[in-house]
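Heads up: the structure comes next, in structure tokens.
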Amino acid sequence: MLKIDHPLFPYYRFERLGAAGGMLHFVSSGSRTLGFPEREDGVEVRENRRRLAQAVGFDVRRLVTAQQVHGTHVAVVAGEDAGRGALDRPSRLPQTDALVTATPGVCLMVLSADCVPVLLFDPVCRVIAAVHAGWRGTAAGIVARTVRTMQERWGCLPADILAGVAPSIGPCCFEVGEEVAQVFRALHPGNPEVVLPARGAGKSRVDLWASNRLQLLAAGLQPDHIEVAGCCSMCHPDAFFSYRRQGQAAGRFGAGIVLLPDVEPLNRM
């Protein structure tokens, strides 16, 4: 990823997605939280989101976020949804962990503090998605469900889709018990790189990046279309929030994507 040191709000950008054109995307730094606190007025968060939007170049009033519940619901976002969850908590899309749209100007954003954000872009059909893949969502195949929604709703070909797997807790730090380890062994038989040994007795380490990458490959994406940031949120306190490191005090960084208007879809012929 490339870091953009914008004075309003620093953020990161995937190289492969950035070279594609036709959309804007970002992974925000952990310098300012983008997640609304439950019992505060959210003035600081609204200002942070406005600053980020100005830095990246999208209209914060057309931002869409969701109530993330570590599930597998994929919401198709329409133009009339623009602004839901942009500057408040109550208007968020309910119980949703993946957002997909073909509407220009609508910015889809998921929030994280260790979970895996994944951004998807089909430059042919001009469809975008933002996915929140915690370990439960990853284990349930939410990225594959999102690709399938893009196929079924807009006729996207997986081979055309570009993906950016953003910073999250890495295999260096994501220690789990045997029950969770077994879930991922069963999900990826014959792929020992997903579940790794750990120092603690009865513990293993799970590589959520590898799991999501393997699922994207199985869904039909090309290997060179998948960019994995490979940056652990727990190991980089200067750059990203981490729930495992900070507990309840952890803020949230965001990963978002927005289609630019007035760009004709590419012709496969």
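Letters A, B, ... mark the chains of the structure tokens in the order given; residue numbers begin at 1 per chain; ligand numbers begin at 1, in order shown.
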- Message: So that I can see what lies close to range 166-182 of chain A, please list as an MDAnalysis selection string the residues with an atom at most 8 Å from it, counting only C-alpha atoms and leaving out residues fewer than 2 positions away in the same chain.
- Response: chainID A and resid 27 112:119 164 184:186 195:196 198 202:209 228:235 242 255
- range 123-140 of chain A surroundings by only C-alpha atoms, 8 Å radius, close-in-sequence under 4 positions cut, as a PyMOL selection string: chain A and resi 20+22+68+70-72+97-103+108-112+114-119+146+150+154-156+160-161+183-184+187+208+211-212+255-259+265-268
- Item | Å distance separating CA of Asn191 in chain A from CA of Arg145 in chain A, one decimal place |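 CA of Arg145 in chain A lies 21.0 Å from CA of Asn191 in chain A.
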- Message: Write out as a ChimeraX atom specification the set of residues from range 22-266 of chain A that DSSP, computed on the backbone, places in strand (DSSP E).
- Response: /A:23-28,63-64,74-76,98-101,107-112,116-122,127-133,162-165,175-177,195-197,203-206,226-228,253-259
- Query: as a count of residues only, which residues of range 72-138 of chain A does DSSP assign to alpha helix (DSSP H)?
  - Reply: 4
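Nearest to Ala55 in chain A of all the residues A:Val76, A:Ile4, A:Leu17, A:Ala144 is A:Ile4, based on only C-alpha atoms.
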- Task: One decimal, Å: what's the distance from CA of Ala219 in chain A over to CA of Ala163 in chain A, could you say?
- Result: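 These atoms are spaced 11.9 Å apart.
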- Item | Atomic distance CA of Pro189 in chain A - CA of Glu152 in chain A, expressed in Å with one decimal |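 These atoms are spaced 27.9 Å apart.
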